[in-house]
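Reproduced below: final-v4.cif, with mmCIF, C-alpha atoms.
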data_data
#
loop_
_atom_site.label_atom_id
_atom_site.label_comp_id
_atom_site.auth_asym_id
_atom_site.auth_seq_id
_atom_site.Cartn_x
_atom_site.Cartn_y
_atom_site.Cartn_z
CA MET A 1 0.00 0.00 0.00
CA VAL A 2 2.87 2.37 0.70
CA SER A 3 4.26 1.85 -2.82
CA ASN A 4 0.88 2.81 -4.35
CA SER A 5 0.91 6.00 -2.32
CA LYS A 6 4.46 6.76 -3.46
CA THR A 7 3.54 5.98 -7.08
CA LEU A 8 0.57 8.31 -6.91
CA SER A 9 2.72 10.97 -5.35
CA ARG A 10 5.36 10.57 -8.04
CA ARG A 11 2.69 10.74 -10.73
CA SER A 12 1.25 13.89 -9.18
CA VAL A 13 4.67 15.52 -9.03
CA LEU A 14 5.48 14.50 -12.61
CA GLY A 15 2.11 15.80 -13.82
CA SER A 16 2.67 19.11 -12.06
CA MET A 17 6.13 19.43 -13.59
CA ILE A 18 4.75 18.76 -17.07
CA ALA A 19 1.92 21.27 -16.56
CA ALA A 20 4.45 23.87 -15.34
CA ALA A 21 6.58 23.33 -18.44
CA VAL A 22 3.67 23.44 -20.88
CA PHE A 23 1.64 26.18 -19.17
CA PRO A 24 4.11 28.41 -17.27
CA PRO A 25 1.60 31.23 -16.58
CA LEU A 26 -0.79 28.72 -15.07
CA ALA A 27 1.84 27.20 -12.79
CA ARG A 28 2.31 30.29 -10.59
CA GLY A 29 1.62 29.70 -6.93
CA GLN A 30 -0.82 31.82 -4.98
CA GLN A 31 1.05 32.08 -1.73
CA GLY A 32 -0.52 34.78 0.37
CA SER A 33 -3.47 35.32 -1.97
CA ASP A 34 -7.18 34.87 -1.38
CA PRO A 35 -7.97 31.14 -1.58
CA ALA A 36 -11.09 31.84 -3.66
CA SER A 37 -9.42 34.48 -5.81
CA GLN A 38 -11.83 36.36 -8.01
CA GLU A 39 -9.04 38.33 -9.65
CA PRO A 40 -8.97 37.84 -13.42
CA SER A 41 -6.00 36.10 -14.95
CA LYS A 42 -4.71 36.57 -18.50
CA VAL A 43 -6.26 33.25 -19.53
CA LYS A 44 -9.25 33.53 -21.85
CA ILE A 45 -11.36 30.68 -23.15
CA ARG A 46 -13.89 30.33 -25.95
CA MET A 47 -17.03 28.18 -25.69
CA THR A 48 -18.85 27.30 -28.90
CA PHE A 49 -22.20 25.50 -29.16
CA ASN A 50 -25.19 25.64 -31.51
CA GLY A 51 -23.45 28.19 -33.75
CA GLN A 52 -22.91 30.59 -30.82
CA THR A 53 -19.55 31.66 -29.37
CA MET A 54 -18.87 33.10 -25.93
CA THR A 55 -15.58 34.09 -24.35
CA ALA A 56 -14.72 34.08 -20.67
CA THR A 57 -11.80 35.24 -18.57
CA LEU A 58 -10.65 32.74 -15.97
CA TYR A 59 -9.82 33.82 -12.44
CA ASP A 60 -6.43 33.36 -10.85
CA ASN A 61 -7.15 30.34 -8.66
CA ALA A 62 -5.97 26.72 -8.58
CA SER A 63 -9.23 25.25 -9.89
CA ALA A 64 -9.29 27.61 -12.89
CA ARG A 65 -5.65 26.81 -13.70
CA ASP A 66 -6.43 23.09 -13.49
CA PHE A 67 -9.41 23.57 -15.81
CA ALA A 68 -7.30 25.50 -18.34
CA SER A 69 -4.72 22.71 -18.37
CA MET A 70 -7.42 20.32 -19.71
CA LEU A 71 -8.23 22.39 -22.79
CA PRO A 72 -9.27 21.93 -25.54
CA LEU A 73 -12.35 19.87 -24.72
CA ASP A 74 -15.28 18.55 -26.76
CA LEU A 75 -18.25 17.94 -24.46
CA GLU A 76 -22.06 18.14 -24.32
CA ILE A 77 -23.88 21.08 -22.74
CA GLU A 78 -27.39 20.76 -21.29
CA ASP A 79 -29.95 22.68 -19.26
CA TYR A 80 -30.07 22.27 -15.51
CA SER A 81 -32.91 23.88 -13.60
CA THR A 82 -34.00 27.27 -14.94
CA ASN A 83 -30.84 29.28 -14.29
CA GLU A 84 -27.86 27.40 -15.72
CA LYS A 85 -26.39 25.09 -18.29
CA ILE A 86 -24.01 22.35 -17.21
CA THR A 87 -21.39 20.13 -18.78
CA TYR A 88 -19.44 17.28 -17.24
CA LEU A 89 -15.65 17.33 -17.30
CA PRO A 90 -13.59 14.21 -18.08
CA ARG A 91 -12.05 14.37 -14.60
CA LYS A 92 -12.52 16.29 -11.36
CA LEU A 93 -10.66 19.55 -10.81
CA THR A 94 -8.51 20.39 -7.84
CA GLU A 95 -10.38 21.99 -4.96
CA ALA A 96 -7.21 23.41 -3.43
CA GLU A 97 -7.52 27.04 -2.41
CA SER A 98 -11.30 27.09 -2.94
CA GLY A 99 -13.64 28.89 -0.61
CA PRO A 100 -17.03 30.55 -0.31
CA PHE A 101 -17.99 33.71 -2.16
CA ASP A 102 -20.98 35.99 -1.74
CA ASN A 103 -21.30 38.16 -4.85
CA GLU A 104 -23.03 35.65 -7.13
CA ARG A 105 -24.42 36.94 -10.43
CA PRO A 106 -25.45 35.74 -13.87
CA GLY A 107 -22.48 35.29 -16.18
CA ASP A 108 -20.42 33.37 -13.62
CA LEU A 109 -18.55 30.26 -14.77
CA CYS A 110 -18.32 27.82 -11.87
CA TYR A 111 -17.28 24.28 -11.06
CA PHE A 112 -19.49 22.10 -8.85
CA SER A 113 -17.04 19.71 -7.21
CA PRO A 114 -19.46 17.06 -5.86
CA TRP A 115 -20.64 16.22 -9.39
CA GLY A 116 -17.52 17.23 -11.36
CA ASN A 117 -19.40 19.56 -13.70
CA LEU A 118 -19.13 23.10 -14.96
CA ALA A 119 -22.07 25.36 -14.11
CA LEU A 120 -22.66 28.25 -16.53
CA PHE A 121 -25.13 30.63 -14.88
CA HIS A 122 -27.46 32.76 -17.00
CA SER A 123 -29.82 33.74 -14.15
CA GLY A 124 -29.51 34.42 -10.45
CA TYR A 125 -28.20 31.75 -8.10
CA ARG A 126 -26.86 31.36 -4.57
CA TYR A 127 -23.51 29.97 -3.46
CA SER A 128 -23.61 26.42 -2.15
CA SER A 129 -20.89 24.27 -0.64
CA GLY A 130 -18.75 22.69 -3.37
CA LEU A 131 -19.28 25.52 -5.86
CA ILE A 132 -16.01 27.08 -7.06
CA ARG A 133 -16.05 30.15 -9.28
CA LEU A 134 -13.64 29.77 -12.22
CA GLY A 135 -14.31 33.00 -14.12
CA ARG A 136 -16.81 35.28 -15.87
CA PHE A 137 -18.18 35.56 -19.36
CA ASP A 138 -16.78 38.64 -21.11
CA ASP A 139 -19.55 39.75 -23.48
CA GLY A 140 -22.75 38.48 -21.97
CA PHE A 141 -24.30 35.06 -21.69
CA GLU A 142 -27.42 35.18 -23.87
CA PRO A 143 -26.55 31.93 -25.74
CA LEU A 144 -26.90 30.07 -22.43
CA ARG A 145 -30.61 30.90 -22.38
CA MET A 146 -31.23 28.76 -25.49
CA ARG A 147 -32.90 25.58 -24.20
CA GLY A 148 -31.61 22.17 -25.26
CA GLU A 149 -28.57 19.93 -25.41
CA PHE A 150 -25.71 20.71 -27.78
CA PRO A 151 -22.15 19.64 -28.59
CA LEU A 152 -19.77 22.06 -26.86
CA ARG A 153 -16.19 22.99 -27.75
CA ILE A 154 -14.06 24.74 -25.08
CA GLU A 155 -10.61 26.05 -26.01
CA ARG A 156 -8.07 28.64 -25.00
CA VAL A 157 -8.08 31.88 -26.96
#
When written as C-alpha cells, how does the structure in this file appear?
Amino acid sequence: MVSNSKTLSRRSVLGSMIAAAVFPPLARGQQGSDPASQEPSKVKIRMTFNGQTMTATLYDNASARDFASMLPLDLEIEDYSTNEKITYLPRKLTEAESGPFDNERPGDLCYFSPWGNLALFHSGYRYSSGLIRLGRFDDGFEPLRMRGEFPLRIERV
C-alpha cells in the first residue's frame, strides 16, 4: 500500500512538472493570496455551441488553472434547472484554495465539485458548498438561455 501511495505521489509531481513546463503562466503559486481568488488572470477561453460563441476570462485560482490545463475539450452542454447550463468534465478539478464567495451573479462560470461539472449561470443563483467560481463571461451570456442539449467545444483563446 505504501508503494501505491508513493507511485501516486510521483505521478502527481510529474504531472505538475509537465503542466508547469507546458503552461508556465498557469503554474504560478498563490502564496498569500485569497484562496477563492476572483481576480482575473490573462487566460481567456472560448465556448462554442449551436453556432454561438462566448468568451470568458478565468480567475487566478488553482481550480481555474487546473481547468485550463485540460483544454481543448469537446463535451455536451445541457440545461439544468431554470438558471444554468451544465457540462461534465472528463475528470474532477482540484479543490485546493477554494472557498465561499458571496457576490453571485449571472455570467459566472463555476465548477461544482461534488458532481464534477461546470455550471454556466445565466440567471440568479446562490452559493452552495462545493461551488467554485472559475471566471466570468466577457460579453454576456445570452446563448446560455437557449434551451436544449448541444455539442460544446471549449478552447483557450
For this session: Would you write out, as a list in words, every residue that the PyMOL selection byres ((chain A and resi 117) around 10) captures in this file?
Result: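 Matching residues under the PyMOL selection byres ((chain A and resi 117) around 10) are Ile86, Thr87, Tyr88, Leu89, Pro90, Arg91, Lys92, Leu93, Cys110, Tyr111, Phe112, Ser113, Pro114, Trp115, Gly116, Leu118, Ala119, Leu120 and Leu131 of chain A.
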| request: Neighbourhood query: residues within 10 Å of (-14.9, 27.8, -14.9), file coordinates, counting all atoms listed in the file; return as a PyMOL selection string. | output: chain A and resi 45+56-59+63-68+108-112+117-120+132-137
- Enumerate, as a ChimeraX atom specification, the residues matched when the PyMOL selection byres ((chain A and resi 154-157) around 7) is run on the file above. /A:44-48,71-74,152-153
### Task
Using all atoms listed in the file, pick whichever of A:Ser98, A:Asn50, A:Asn103, A:Asn83 has the shortest atom-to-atom distance to Ala62 in chain A.
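Nearest candidate to Ala62 in chain A out of A:Ser98, A:Asn50, A:Asn103, A:Asn83: A:Ser98.
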Taken to one decimal, the CA of Glu149 in chain A-CA of Phe121 in chain A distance is 15.4 Å
Point-to-point distance from CA of Thr53 in chain A to CA of Glu39 in chain A, Å rounded to tenths =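 Going from CA of Thr53 in chain A over to CA of Glu39 in chain A, I get 23.3 Å.
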Record the distance separating CA of Met54 in chain A and CA of Asp139 in chain A, expressed in Å with one decimal.
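It comes out at 7.1 Å.
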Task: Residues within 8 Å of (-27.9, 33.3, -15.3), file coords, all atoms listed in the file, listed as a ChimeraX atom specification - done: /A:83-84,105-108,120-125,141,144-145
With distances taken over all atoms listed in the file, which of A:Ile77, A:Gly51, A:Lys42, A:Asp102 is nearest to Arg126 in chain A?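 Residue with the minimum atom-to-atom distance to Arg126 in chain A: A:Asp102.
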